[in-house]
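Data from model23.pdb: PDB, C-alpha atoms
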```pdb
MODEL        1
ATOM      1  CA  GLY A   2       2.867 -33.920  25.901  1.00  0.00           C
ATOM      2  CA  PHE A   3       4.488 -31.664  28.480  1.00  0.00           C
ATOM      3  CA  GLN A   4       4.518 -27.946  27.711  1.00  0.00           C
ATOM      4  CA  SER A   5       6.937 -25.603  29.430  1.00  0.00           C
ATOM      5  CA  PRO A   6       5.572 -22.573  31.335  1.00  0.00           C
ATOM      6  CA  VAL A   7       7.007 -20.286  28.643  1.00  0.00           C
ATOM      7  CA  CYS A   8       5.130 -22.190  25.915  1.00  0.00           C
ATOM      8  CA  LEU A   9       1.906 -22.067  27.909  1.00  0.00           C
ATOM      9  CA  CYS A  10       2.359 -18.354  28.525  1.00  0.00           C
ATOM     10  CA  SER A  11       2.862 -17.749  24.788  1.00  0.00           C
ATOM     11  CA  HIS A  12      -0.248 -19.809  24.018  1.00  0.00           C
ATOM     12  CA  TYR A  13      -2.439 -17.854  26.451  1.00  0.00           C
ATOM     13  CA  LEU A  14      -1.087 -14.512  25.205  1.00  0.00           C
ATOM     14  CA  PHE A  15      -1.709 -15.439  21.590  1.00  0.00           C
ATOM     15  CA  SER A  16      -5.269 -16.483  22.418  1.00  0.00           C
ATOM     16  CA  GLU A  17      -6.013 -13.225  24.244  1.00  0.00           C
ATOM     17  CA  PHE A  18      -4.290 -10.693  21.989  1.00  0.00           C
ATOM     18  CA  SER A  19      -5.310 -12.230  18.659  1.00  0.00           C
ATOM     19  CA  LYS A  20      -8.833 -11.018  19.491  1.00  0.00           C
ATOM     20  CA  PHE A  21      -7.653  -7.508  18.576  1.00  0.00           C
ATOM     21  CA  GLY A  22      -6.160  -8.322  15.188  1.00  0.00           C
ATOM     22  CA  LEU A  23      -3.738 -10.474  13.241  1.00  0.00           C
ATOM     23  CA  LEU A  24      -0.532 -11.187  15.160  1.00  0.00           C
ATOM     24  CA  TYR A  25       2.887 -11.382  13.581  1.00  0.00           C
ATOM     25  CA  SER A  26       4.545 -13.134  16.516  1.00  0.00           C
ATOM     26  CA  VAL A  27       4.358 -13.779  20.259  1.00  0.00           C
ATOM     27  CA  ARG A  28       7.513 -14.424  22.273  1.00  0.00           C
ATOM     28  CA  ALA A  29       7.455 -14.997  26.024  1.00  0.00           C
ATOM     29  CA  HIS A  30      10.580 -15.020  28.220  1.00  0.00           C
ATOM     30  CA  ARG A  31      11.431 -15.563  31.859  1.00  0.00           C
ATOM     31  CA  ASN A  32      12.298 -12.467  33.833  1.00  0.00           C
ATOM     32  CA  ALA A  33      15.950 -11.804  34.548  1.00  0.00           C
ATOM     33  CA  ALA A  34      17.046 -13.034  37.969  1.00  0.00           C
ATOM     34  CA  VAL A  35      17.308  -9.478  39.334  1.00  0.00           C
ATOM     35  CA  ALA A  36      13.667  -8.811  38.391  1.00  0.00           C
ATOM     36  CA  GLY A  37      12.221 -11.661  40.424  1.00  0.00           C
ATOM     37  CA  PRO A  38      10.020 -14.573  39.310  1.00  0.00           C
ATOM     38  CA  GLY A  39       7.663 -14.106  36.421  1.00  0.00           C
ATOM     39  CA  TYR A  40       7.588 -13.557  32.682  1.00  0.00           C
ATOM     40  CA  TYR A  41       7.576 -10.815  30.091  1.00  0.00           C
ATOM     41  CA  ALA A  42       6.525 -11.023  26.447  1.00  0.00           C
ATOM     42  CA  VAL A  43       6.943  -9.197  23.167  1.00  0.00           C
ATOM     43  CA  ILE A  44       3.823  -9.272  20.980  1.00  0.00           C
ATOM     44  CA  LYS A  45       4.000  -7.969  17.428  1.00  0.00           C
ATOM     45  CA  PHE A  46       0.933  -6.917  15.437  1.00  0.00           C
ATOM     46  CA  TYR A  47       0.752  -6.198  11.727  1.00  0.00           C
ATOM     47  CA  SER A  48      -1.347  -3.120  12.474  1.00  0.00           C
ATOM     48  CA  ALA A  49      -0.414  -0.221  14.778  1.00  0.00           C
ATOM     49  CA  GLY A  50      -4.129   0.423  15.333  1.00  0.00           C
ATOM     50  CA  ASP A  51      -4.688  -3.144  16.533  1.00  0.00           C
ATOM     51  CA  ALA A  52      -1.710  -2.835  18.888  1.00  0.00           C
ATOM     52  CA  SER A  53      -3.068   0.386  20.406  1.00  0.00           C
ATOM     53  CA  ARG A  54      -6.515  -1.115  20.977  1.00  0.00           C
ATOM     54  CA  ALA A  55      -4.982  -4.171  22.631  1.00  0.00           C
ATOM     55  CA  GLN A  56      -2.837  -2.005  24.897  1.00  0.00           C
ATOM     56  CA  ARG A  57      -5.768   0.101  26.064  1.00  0.00           C
ATOM     57  CA  ALA A  58      -7.992  -2.910  26.666  1.00  0.00           C
ATOM     58  CA  CYS A  59      -5.464  -5.189  28.391  1.00  0.00           C
ATOM     59  CA  ASN A  60      -3.286  -2.882  30.463  1.00  0.00           C
ATOM     60  CA  GLY A  61      -3.947  -3.466  34.160  1.00  0.00           C
ATOM     61  CA  GLN A  62      -6.243  -6.443  33.505  1.00  0.00           C
ATOM     62  CA  ARG A  63      -6.057  -9.987  34.897  1.00  0.00           C
ATOM     63  CA  LEU A  64      -6.386 -11.934  31.669  1.00  0.00           C
ATOM     64  CA  PHE A  65      -5.302 -15.429  32.650  1.00  0.00           C
ATOM     65  CA  GLN A  66      -3.332 -14.923  35.862  1.00  0.00           C
ATOM     66  CA  LYS A  67      -3.910 -13.488  39.333  1.00  0.00           C
ATOM     67  CA  SER A  68      -1.786 -10.357  38.992  1.00  0.00           C
ATOM     68  CA  PRO A  69      -2.699  -7.585  36.530  1.00  0.00           C
ATOM     69  CA  LEU A  70      -0.698  -7.224  33.341  1.00  0.00           C
ATOM     70  CA  LYS A  71       1.332  -4.135  32.577  1.00  0.00           C
ATOM     71  CA  VAL A  72       1.048  -3.531  28.832  1.00  0.00           C
ATOM     72  CA  CYS A  73       2.768  -0.733  26.944  1.00  0.00           C
ATOM     73  CA  VAL A  74       3.477   0.034  23.298  1.00  0.00           C
ATOM     74  CA  CYS A  75       7.103   0.018  22.234  1.00  0.00           C
ATOM     75  CA  THR A  76       7.902   2.493  19.478  1.00  0.00           C
ATOM     76  CA  LYS A  77      11.683   2.106  19.307  1.00  0.00           C
ATOM     77  CA  GLN A  78      13.583  -0.679  17.532  1.00  0.00           C
ATOM     78  CA  LYS A  79      17.335  -0.476  18.105  1.00  0.00           C
ATOM     79  CA  GLY A  80      19.305  -0.959  14.908  1.00  0.00           C
ATOM     80  CA  PHE A  81      16.245  -1.009  12.657  1.00  0.00           C
ATOM     81  CA  GLN A  82      15.318   2.657  12.420  1.00  0.00           C
ATOM     82  CA  GLN A  83      16.663   2.954   8.882  1.00  0.00           C
ATOM     83  CA  GLN A  84      16.116  -0.640   7.763  1.00  0.00           C
ATOM     84  CA  VAL A  85      12.804  -2.192   6.762  1.00  0.00           C
ATOM     85  CA  LEU A  86      13.017  -5.839   5.770  1.00  0.00           C
ATOM     86  CA  ALA A  87      10.538  -7.559   3.479  1.00  0.00           C
ATOM     87  CA  LEU A  88       8.008 -10.024   4.842  1.00  0.00           C
ATOM     88  CA  ASN A  89       8.707 -13.599   3.830  1.00  0.00           C
ATOM     89  CA  SER A  90       6.194 -15.232   1.504  1.00  0.00           C
ATOM     90  CA  HIS A  91       4.446 -17.200   4.259  1.00  0.00           C
ATOM     91  CA  LYS A  92       3.756 -13.994   6.214  1.00  0.00           C
ATOM     92  CA  CYS A  93       2.617 -12.250   3.010  1.00  0.00           C
ATOM     93  CA  GLN A  94       0.078 -15.006   2.380  1.00  0.00           C
ATOM     94  CA  GLU A  95      -1.099 -14.900   6.004  1.00  0.00           C
ATOM     95  CA  LEU A  96      -1.636 -11.142   5.753  1.00  0.00           C
ATOM     96  CA  ALA A  97      -3.433 -11.397   2.386  1.00  0.00           C
ATOM     97  CA  ASN A  98      -5.733 -14.170   3.629  1.00  0.00           C
ATOM     98  CA  HIS A  99      -6.670 -12.134   6.704  1.00  0.00           C
ATOM     99  CA  TYR A 100      -7.486  -8.850   4.961  1.00  0.00           C
ATOM    100  CA  LEU A 101      -8.525 -10.033   1.476  1.00  0.00           C
ATOM    101  CA  GLY A 102      -9.920 -13.504   2.166  1.00  0.00           C
ATOM    102  CA  PHE A 103      -8.736 -16.816   0.730  1.00  0.00           C
ATOM    103  CA  ASN A 104     -10.540 -16.076  -2.536  1.00  0.00           C
ATOM    104  CA  GLY A 105      -9.508 -12.422  -2.645  1.00  0.00           C
ATOM    105  CA  TRP A 106      -6.142 -13.045  -4.270  1.00  0.00           C
ATOM    106  CA  SER A 107      -4.342 -15.612  -6.386  1.00  0.00           C
ATOM    107  CA  SER A 108      -0.811 -16.314  -7.558  1.00  0.00           C
ATOM    108  CA  ARG A 109       0.851 -18.270 -10.311  1.00  0.00           C
ATOM    109  CA  ILE A 110       4.383 -19.071 -11.346  1.00  0.00           C
ATOM    110  CA  ILE A 111       5.179 -17.613 -14.753  1.00  0.00           C
ATOM    111  CA  THR A 112       8.710 -18.955 -14.921  1.00  0.00           C
ATOM    112  CA  LEU A 113      10.932 -21.266 -12.888  1.00  0.00           C
ATOM    113  CA  GLN A 114      14.130 -21.951 -14.737  1.00  0.00           C
ATOM    114  CA  ASN A 115      17.432 -23.618 -13.943  1.00  0.00           C
ATOM    115  CA  VAL A 116      20.217 -21.077 -14.528  1.00  0.00           C
ATOM    116  CA  SER A 117      22.914 -23.062 -12.727  1.00  0.00           C
ATOM    117  CA  GLY A 118      26.606 -22.957 -13.550  1.00  0.00           C
ATOM    118  CA  PHE A 119      29.823 -24.463 -12.258  1.00  0.00           C
ATOM    119  CA  ASP A 120      32.215 -22.689  -9.918  1.00  0.00           C
ATOM    120  CA  GLY A 121      34.932 -25.324 -10.307  1.00  0.00           C
ATOM    121  CA  GLU A 122      36.343 -27.020 -13.382  1.00  0.00           C
ATOM    122  CA  ASN A 123      37.539 -30.511 -14.229  1.00  0.00           C
ATOM    123  CA  GLU A 124      41.272 -30.334 -14.553  1.00  0.00           C
ATOM    124  CA  GLU A 125      41.533 -33.997 -15.424  1.00  0.00           C
ATOM    125  CA  LEU A 126      39.046 -36.405 -16.947  1.00  0.00           C
ATOM    126  CA  GLY A 127      37.114 -38.228 -14.252  1.00  0.00           C
ATOM    127  CA  LYS A 128      38.178 -35.888 -11.468  1.00  0.00           C
ATOM    128  CA  THR A 129      35.411 -34.836  -9.048  1.00  0.00           C
ATOM    129  CA  LEU A 130      34.088 -31.323  -9.576  1.00  0.00           C
ATOM    130  CA  GLN A 131      35.185 -28.964  -6.818  1.00  0.00           C
ATOM    131  CA  LYS A 132      31.823 -27.315  -6.335  1.00  0.00           C
ATOM    132  CA  ARG A 133      28.540 -26.855  -8.148  1.00  0.00           C
ATOM    133  CA  SER A 134      26.287 -23.853  -7.746  1.00  0.00           C
ATOM    134  CA  VAL A 135      22.555 -24.575  -8.135  1.00  0.00           C
ATOM    135  CA  LYS A 136      20.595 -21.498  -9.231  1.00  0.00           C
ATOM    136  CA  TYR A 137      16.932 -21.048 -10.168  1.00  0.00           C
ATOM    137  CA  LEU A 138      15.288 -17.907 -11.483  1.00  0.00           C
ATOM    138  CA  CYS A 139      11.597 -17.489 -10.736  1.00  0.00           C
ATOM    139  CA  ALA A 140       8.907 -15.012 -11.796  1.00  0.00           C
ATOM    140  CA  VAL A 141       5.574 -14.970  -9.944  1.00  0.00           C
ATOM    141  CA  GLU A 142       2.368 -13.028 -10.620  1.00  0.00           C
ATOM    142  CA  VAL A 143      -0.056 -12.007  -7.851  1.00  0.00           C
ATOM    143  CA  THR A 144      -3.589 -10.931  -8.781  1.00  0.00           C
ATOM    144  CA  LEU A 145      -6.217  -9.181  -6.636  1.00  0.00           C
ATOM    145  CA  PRO A 146      -9.309  -9.473  -8.873  1.00  0.00           C
ATOM    146  CA  ASN A 147     -11.659  -7.471  -6.642  1.00  0.00           C
ATOM    147  CA  HIS A 148      -9.302  -4.484  -6.694  1.00  0.00           C
ATOM    148  CA  GLY A 149      -7.978  -4.696 -10.234  1.00  0.00           C
ATOM    149  CA  VAL A 150      -4.378  -5.006  -9.062  1.00  0.00           C
ATOM    150  CA  ARG A 151      -1.804  -7.309 -10.644  1.00  0.00           C
ATOM    151  CA  THR A 152       1.876  -7.429  -9.661  1.00  0.00           C
ATOM    152  CA  ARG A 153       4.930  -9.488 -10.532  1.00  0.00           C
ATOM    153  CA  GLY A 154       8.035 -10.472  -8.620  1.00  0.00           C
ATOM    154  CA  VAL A 155      11.302 -11.895  -9.932  1.00  0.00           C
ATOM    155  CA  ALA A 156      13.948 -13.509  -7.727  1.00  0.00           C
ATOM    156  CA  LEU A 157      16.965 -15.783  -7.786  1.00  0.00           C
ATOM    157  CA  GLY A 158      17.548 -18.683  -5.425  1.00  0.00           C
ATOM    158  CA  GLU A 159      20.931 -20.347  -5.160  1.00  0.00           C
ATOM    159  CA  ALA A 160      22.989 -22.765  -3.085  1.00  0.00           C
ATOM    160  CA  ASP A 161      26.360 -24.485  -3.370  1.00  0.00           C
ATOM    161  CA  VAL A 162      26.730 -28.256  -3.669  1.00  0.00           C
ATOM    162  CA  GLU A 163      30.054 -29.461  -2.299  1.00  0.00           C
ATOM    163  CA  ASN A 164      30.041 -32.712  -4.265  1.00  0.00           C
ATOM    164  CA  GLY A 165      28.872 -31.881  -7.788  1.00  0.00           C
ATOM    165  CA  GLU A 166      28.797 -35.543  -8.793  1.00  0.00           C
ATOM    166  CA  ASP A 167      26.454 -36.737  -6.017  1.00  0.00           C
ATOM    167  CA  PRO A 168      22.967 -37.000  -7.619  1.00  0.00           C
ATOM    168  CA  LEU A 169      21.168 -37.101  -4.250  1.00  0.00           C
ATOM    169  CA  GLU A 170      22.930 -33.977  -3.023  1.00  0.00           C
ATOM    170  CA  ILE A 171      22.096 -32.170  -6.264  1.00  0.00           C
ATOM    171  CA  VAL A 172      18.413 -33.201  -6.118  1.00  0.00           C
ATOM    172  CA  THR A 173      18.125 -32.102  -2.479  1.00  0.00           C
ATOM    173  CA  ALA A 174      19.759 -28.752  -3.194  1.00  0.00           C
ATOM    174  CA  THR A 175      17.609 -28.241  -6.300  1.00  0.00           C
ATOM    175  CA  LYS A 176      14.382 -28.728  -4.348  1.00  0.00           C
ATOM    176  CA  ARG A 177      15.548 -26.343  -1.630  1.00  0.00           C
ATOM    177  CA  VAL A 178      16.628 -23.679  -4.142  1.00  0.00           C
ATOM    178  CA  GLN A 179      13.354 -23.931  -6.086  1.00  0.00           C
ATOM    179  CA  LYS A 180      11.380 -23.300  -2.895  1.00  0.00           C
ATOM    180  CA  LEU A 181      13.623 -20.389  -2.043  1.00  0.00           C
ATOM    181  CA  ALA A 182      13.308 -18.798  -5.502  1.00  0.00           C
ATOM    182  CA  VAL A 183       9.506 -19.180  -5.539  1.00  0.00           C
ATOM    183  CA  GLY A 184       9.200 -17.749  -2.019  1.00  0.00           C
ATOM    184  CA  LYS A 185      11.445 -14.770  -2.740  1.00  0.00           C
ATOM    185  CA  ALA A 186       9.609 -13.990  -5.988  1.00  0.00           C
ATOM    186  CA  LEU A 187       6.221 -14.180  -4.256  1.00  0.00           C
ATOM    187  CA  SER A 188       7.484 -11.891  -1.493  1.00  0.00           C
ATOM    188  CA  SER A 189       8.780  -9.454  -4.128  1.00  0.00           C
ATOM    189  CA  ALA A 190       5.365  -9.370  -5.832  1.00  0.00           C
ATOM    190  CA  PHE A 191       3.605  -8.645  -2.526  1.00  0.00           C
ATOM    191  CA  GLN A 192       5.973  -5.743  -1.745  1.00  0.00           C
ATOM    192  CA  LYS A 193       4.291  -3.832  -4.594  1.00  0.00           C
ATOM    193  CA  ILE A 194       0.876  -4.052  -2.908  1.00  0.00           C
ATOM    194  CA  LEU A 195      -0.275  -1.527  -0.285  1.00  0.00           C
ATOM    195  CA  LEU A 196      -3.125  -2.629   1.983  1.00  0.00           C
ATOM    196  CA  ILE A 197      -4.942   0.342   3.516  1.00  0.00           C
ATOM    197  CA  VAL A 198      -7.181  -0.709   6.411  1.00  0.00           C
ATOM    198  CA  LEU A 199      -9.859   1.899   7.125  1.00  0.00           C
ATOM    199  CA  GLU A 200     -11.424   2.549  10.520  1.00  0.00           C
ATOM    200  CA  ASN A 201     -14.670   0.864   9.438  1.00  0.00           C
ATOM    201  CA  GLY A 202     -12.735  -2.338   8.727  1.00  0.00           C
ATOM    202  CA  LYS A 203     -12.854  -2.058   4.950  1.00  0.00           C
ATOM    203  CA  VAL A 204      -9.650  -2.607   3.003  1.00  0.00           C
ATOM    204  CA  ALA A 205      -8.428  -0.481   0.107  1.00  0.00           C
ATOM    205  CA  VAL A 206      -5.587  -1.613  -2.156  1.00  0.00           C
ATOM    206  CA  GLU A 207      -3.052   0.466  -4.052  1.00  0.00           C
ATOM    207  CA  TYR A 208      -0.120  -0.382  -6.280  1.00  0.00           C
ATOM    208  CA  ASN A 209       3.191   0.587  -4.679  1.00  0.00           C
ATOM    209  CA  SER A 210       5.165   2.042  -7.587  1.00  0.00           C
ATOM    210  CA  SER A 211       8.196   2.747  -5.361  1.00  0.00           C
ATOM    211  CA  GLN A 212       8.960  -0.981  -5.402  1.00  0.00           C
ATOM    212  CA  GLU A 213       8.946  -1.319  -9.196  1.00  0.00           C
ATOM    213  CA  GLU A 214      11.711  -3.285 -10.894  1.00  0.00           C
ATOM    214  CA  PRO A 215      13.037  -3.106 -14.498  1.00  0.00           C
ATOM    215  CA  THR A 216      11.300  -6.397 -15.314  1.00  0.00           C
ATOM    216  CA  ASP A 217       7.896  -4.864 -14.479  1.00  0.00           C
ATOM    217  CA  ALA A 218       8.034  -2.911 -17.741  1.00  0.00           C
ATOM    218  CA  LEU A 219       8.257  -6.133 -19.771  1.00  0.00           C
ATOM    219  CA  THR A 220       5.233  -7.860 -21.237  1.00  0.00           C
ATOM    220  CA  GLU A 221       4.675 -11.432 -20.167  1.00  0.00           C
ATOM    221  CA  GLU A 222       5.929 -12.672 -23.535  1.00  0.00           C
ATOM    222  CA  GLU A 223       9.094 -10.615 -23.152  1.00  0.00           C
ATOM    223  CA  LEU A 224       9.550 -11.926 -19.623  1.00  0.00           C
ATOM    224  CA  LYS A 225       9.103 -15.489 -20.811  1.00  0.00           C
ATOM    225  CA  GLY A 226      11.713 -14.840 -23.453  1.00  0.00           C
ATOM    226  CA  LEU A 227      14.335 -14.211 -20.794  1.00  0.00           C
ATOM    227  CA  VAL A 228      14.310 -17.833 -19.717  1.00  0.00           C
ATOM    228  CA  GLN A 229      12.626 -21.055 -20.747  1.00  0.00           C
ATOM    229  CA  VAL A 230       9.110 -21.205 -19.325  1.00  0.00           C
ATOM    230  CA  ASN A 231       7.891 -23.922 -16.991  1.00  0.00           C
ATOM    231  CA  GLU A 232       4.234 -23.449 -16.030  1.00  0.00           C
ATOM    232  CA  LEU A 233       3.882 -24.734 -12.472  1.00  0.00           C
ATOM    233  CA  SER A 234       1.443 -24.434  -9.598  1.00  0.00           C
ATOM    234  CA  LEU A 235       2.398 -22.747  -6.336  1.00  0.00           C
ATOM    235  CA  GLU A 236       0.779 -25.637  -4.471  1.00  0.00           C
ATOM    236  CA  GLN A 237       3.695 -27.837  -5.541  1.00  0.00           C
ATOM    237  CA  PHE A 238       5.932 -25.987  -3.106  1.00  0.00           C
ATOM    238  CA  ASP A 239       5.694 -26.066   0.678  1.00  0.00           C
ATOM    239  CA  LEU A 240       6.537 -22.411   1.211  1.00  0.00           C
ATOM    240  CA  GLU A 241       6.286 -22.705   4.988  1.00  0.00           C
ATOM    241  CA  GLU A 242       9.691 -24.375   5.112  1.00  0.00           C
ATOM    242  CA  GLU A 243      11.625 -21.480   3.591  1.00  0.00           C
ATOM    243  CA  VAL A 244      13.938 -19.338   5.675  1.00  0.00           C
ATOM    244  CA  LEU A 245      13.692 -15.685   4.652  1.00  0.00           C
ATOM    245  CA  SER A 246      13.947 -12.302   6.301  1.00  0.00           C
ATOM    246  CA  ASP A 247      11.121 -11.083   8.562  1.00  0.00           C
ATOM    247  CA  LEU A 248       9.865  -7.545   8.870  1.00  0.00           C
ATOM    248  CA  SER A 249      10.666  -5.652  12.058  1.00  0.00           C
ATOM    249  CA  PHE A 250       7.630  -3.888  13.512  1.00  0.00           C
ATOM    250  CA  ASP A 251       7.169  -0.839  15.695  1.00  0.00           C
ATOM    251  CA  ASP A 252       4.088  -2.373  17.336  1.00  0.00           C
ATOM    252  CA  GLU A 253       5.302  -4.197  20.453  1.00  0.00           C
ATOM    253  CA  LEU A 254       3.430  -4.955  23.641  1.00  0.00           C
ATOM    254  CA  ARG A 255       5.423  -5.783  26.716  1.00  0.00           C
TER
ENDMDL
END
```

Encoding of this model in structure tokens:
Amino acid sequence: GFQSPVCLCSHYLFSEFSKFGLLYSVRAHRNAAVAGPGYYAVIKFYSAGDASRAQRACNGQRLFQKSPLKVCVCTKQKGFQQQVLALNSHKCQELANHYLGFNGWSSRIITLQNVSGFDGENEELGKTLQKRSVKYLCAVEVTLPNHGVRTRGVALGEADVENGEDPLEIVTATKRVQKLAVGKALSSAFQKILLIVLENGKVAVEYNSSQEEPTDALTEEELKGLVQVNELSLEQFDLEEEVLSDLSFDDELR
């Protein structure tokens, strides 16, 4: 099918810059009218070191076009200086697979429990419920066997159902909320893991105690006692569909 010039530009940039390390995102844009014809792009790396190597290697080069590229590292993020947002679970898994390998980590759902309640009440028998809130509480464990690190994350997913008596609407909302709860819990577990990439390419792992939660002090039996346990597999959930917050990076190439 037809691909727009912006899409093609993003594709070529991703192909070239991914040679220097794992990319978080690539976004290409047309120049403003006052700047003349052409494009500019923002490329985000997970690693500042990878971004610096890419900048030094690509600045002034003709990678896939006739004119040389001007590449610089952006170190300022307006509005985000004091705010660091968590990676969503899909990005966490992408990062773990890249640095630890597909067999270098595993995850399992300890608990996924319906903790829903009603926001509205039946005033008369047979009257439609005003609104139903679907809530699921999830606890996930992430294990890095080669590094002896094990972390847990607990999160709540919720959504409102306008028609509390529509079975299809409830089922659809339940599936969406379960995915959200699992994704948020997995993201929470990964926030407690620090990946330290050394200059020789080796990866060291440390437990990030600054991200500890009260539930981390509980044994698994105590955690299971908080809610009814449903042992499930993460593969039952398509985590790529979730919509969660992304991390803002200082590594930008323009």

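Residues selected in this file by the PyMOL selection byres ((chain A and resi 25) around 6) comprise Leu24, Ser26, Lys45, Phe46 and Tyr47 of chain A.
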
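In terms of minimum interatomic distance to Glu221 of chain A, A:Ile110 ranks closest within A:Ala156, A:Leu64, A:Val206, A:Ile110, counting all atoms listed in the file.
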
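In this model, the gap between atom CA of Tyr208 of chain A and atom CA of Ile194 of chain A comes to 5.1 Å.
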
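If you measure from each of A:Gly50, A:Gly37, A:Cys10, A:Val178 to Ile197 of chain A using only C-alpha atoms, the closest one turns out to be A:Gly50.
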
Which residue gives the smallest distance to Val27 of chain A among A:His12, A:Arg133, A:Lys92, A:Lys176, with only C-alpha atoms counted?
A:His12

What's around Ser210 of chain A at 12 Å? Count only C-alpha atoms, leave out sequence neighbours fewer than 6 positions away in its own chain, and write the answer as a PyMOL selection string.
chain A and resi 150+152-153+190-195+217-218

How would segment 160-166 of chain A look with all heavy atoms restored, written as an mmCIF file, in the frame of the given file?
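Writing the result to rebuild-v1.cif gives the following:
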```
data_model
loop_
_atom_site.group_PDB
_atom_site.id
_atom_site.type_symbol
_atom_site.label_atom_id
_atom_site.label_comp_id
_atom_site.auth_asym_id
_atom_site.auth_seq_id
_atom_site.Cartn_x
_atom_site.Cartn_y
_atom_site.Cartn_z
ATOM 1 N N ALA A 160 22.297 -22.054 -4.157
ATOM 2 C CA ALA A 160 22.989 -22.765 -3.085
ATOM 3 C C ALA A 160 24.154 -23.534 -3.702
ATOM 4 O O ALA A 160 24.107 -23.923 -4.871
ATOM 5 C CB ALA A 160 22.048 -23.719 -2.356
ATOM 6 N N ASP A 161 25.192 -23.738 -2.903
ATOM 7 C CA ASP A 161 26.360 -24.485 -3.370
ATOM 8 C C ASP A 161 26.232 -25.954 -2.999
ATOM 9 O O ASP A 161 25.754 -26.301 -1.919
ATOM 10 C CB ASP A 161 27.645 -23.913 -2.757
ATOM 11 C CG ASP A 161 28.000 -22.549 -3.319
ATOM 12 O OD1 ASP A 161 27.603 -22.270 -4.478
ATOM 13 O OD2 ASP A 161 28.645 -21.766 -2.611
ATOM 14 N N VAL A 162 26.673 -26.809 -3.905
ATOM 15 C CA VAL A 162 26.730 -28.256 -3.669
ATOM 16 C C VAL A 162 28.204 -28.637 -3.618
ATOM 17 O O VAL A 162 28.927 -28.460 -4.600
ATOM 18 C CB VAL A 162 26.017 -29.045 -4.787
ATOM 19 C CG1 VAL A 162 26.098 -30.533 -4.517
ATOM 20 C CG2 VAL A 162 24.570 -28.605 -4.901
ATOM 21 N N GLU A 163 28.636 -29.143 -2.468
ATOM 22 C CA GLU A 163 30.054 -29.461 -2.299
ATOM 23 C C GLU A 163 30.513 -30.562 -3.250
ATOM 24 O O GLU A 163 31.570 -30.474 -3.850
ATOM 25 C CB GLU A 163 30.331 -29.865 -0.843
ATOM 26 C CG GLU A 163 30.129 -28.738 0.159
ATOM 27 C CD GLU A 163 31.050 -27.559 -0.111
ATOM 28 O OE1 GLU A 163 32.200 -27.781 -0.534
ATOM 29 O OE2 GLU A 163 30.620 -26.409 0.108
ATOM 30 N N ASN A 164 29.699 -31.602 -3.369
ATOM 31 C CA ASN A 164 30.041 -32.712 -4.265
ATOM 32 C C ASN A 164 29.151 -32.644 -5.496
ATOM 33 O O ASN A 164 28.010 -33.090 -5.484
ATOM 34 C CB ASN A 164 29.876 -34.051 -3.549
ATOM 35 C CG ASN A 164 30.314 -35.231 -4.408
ATOM 36 O OD1 ASN A 164 30.729 -35.056 -5.557
ATOM 37 N ND2 ASN A 164 30.250 -36.422 -3.852
ATOM 38 N N GLY A 165 29.665 -32.073 -6.582
ATOM 39 C CA GLY A 165 28.872 -31.881 -7.788
ATOM 40 C C GLY A 165 28.547 -33.143 -8.543
ATOM 41 O O GLY A 165 27.796 -33.098 -9.522
ATOM 42 N N GLU A 166 29.085 -34.288 -8.106
ATOM 43 C CA GLU A 166 28.797 -35.543 -8.793
ATOM 44 C C GLU A 166 27.860 -36.448 -7.992
ATOM 45 O O GLU A 166 27.592 -37.572 -8.393
ATOM 46 C CB GLU A 166 30.108 -36.285 -9.088
ATOM 47 C CG GLU A 166 30.950 -35.606 -10.158
ATOM 48 C CD GLU A 166 32.135 -36.448 -10.563
ATOM 49 O OE1 GLU A 166 32.499 -37.366 -9.794
ATOM 50 O OE2 GLU A 166 32.701 -36.203 -11.640
#
```
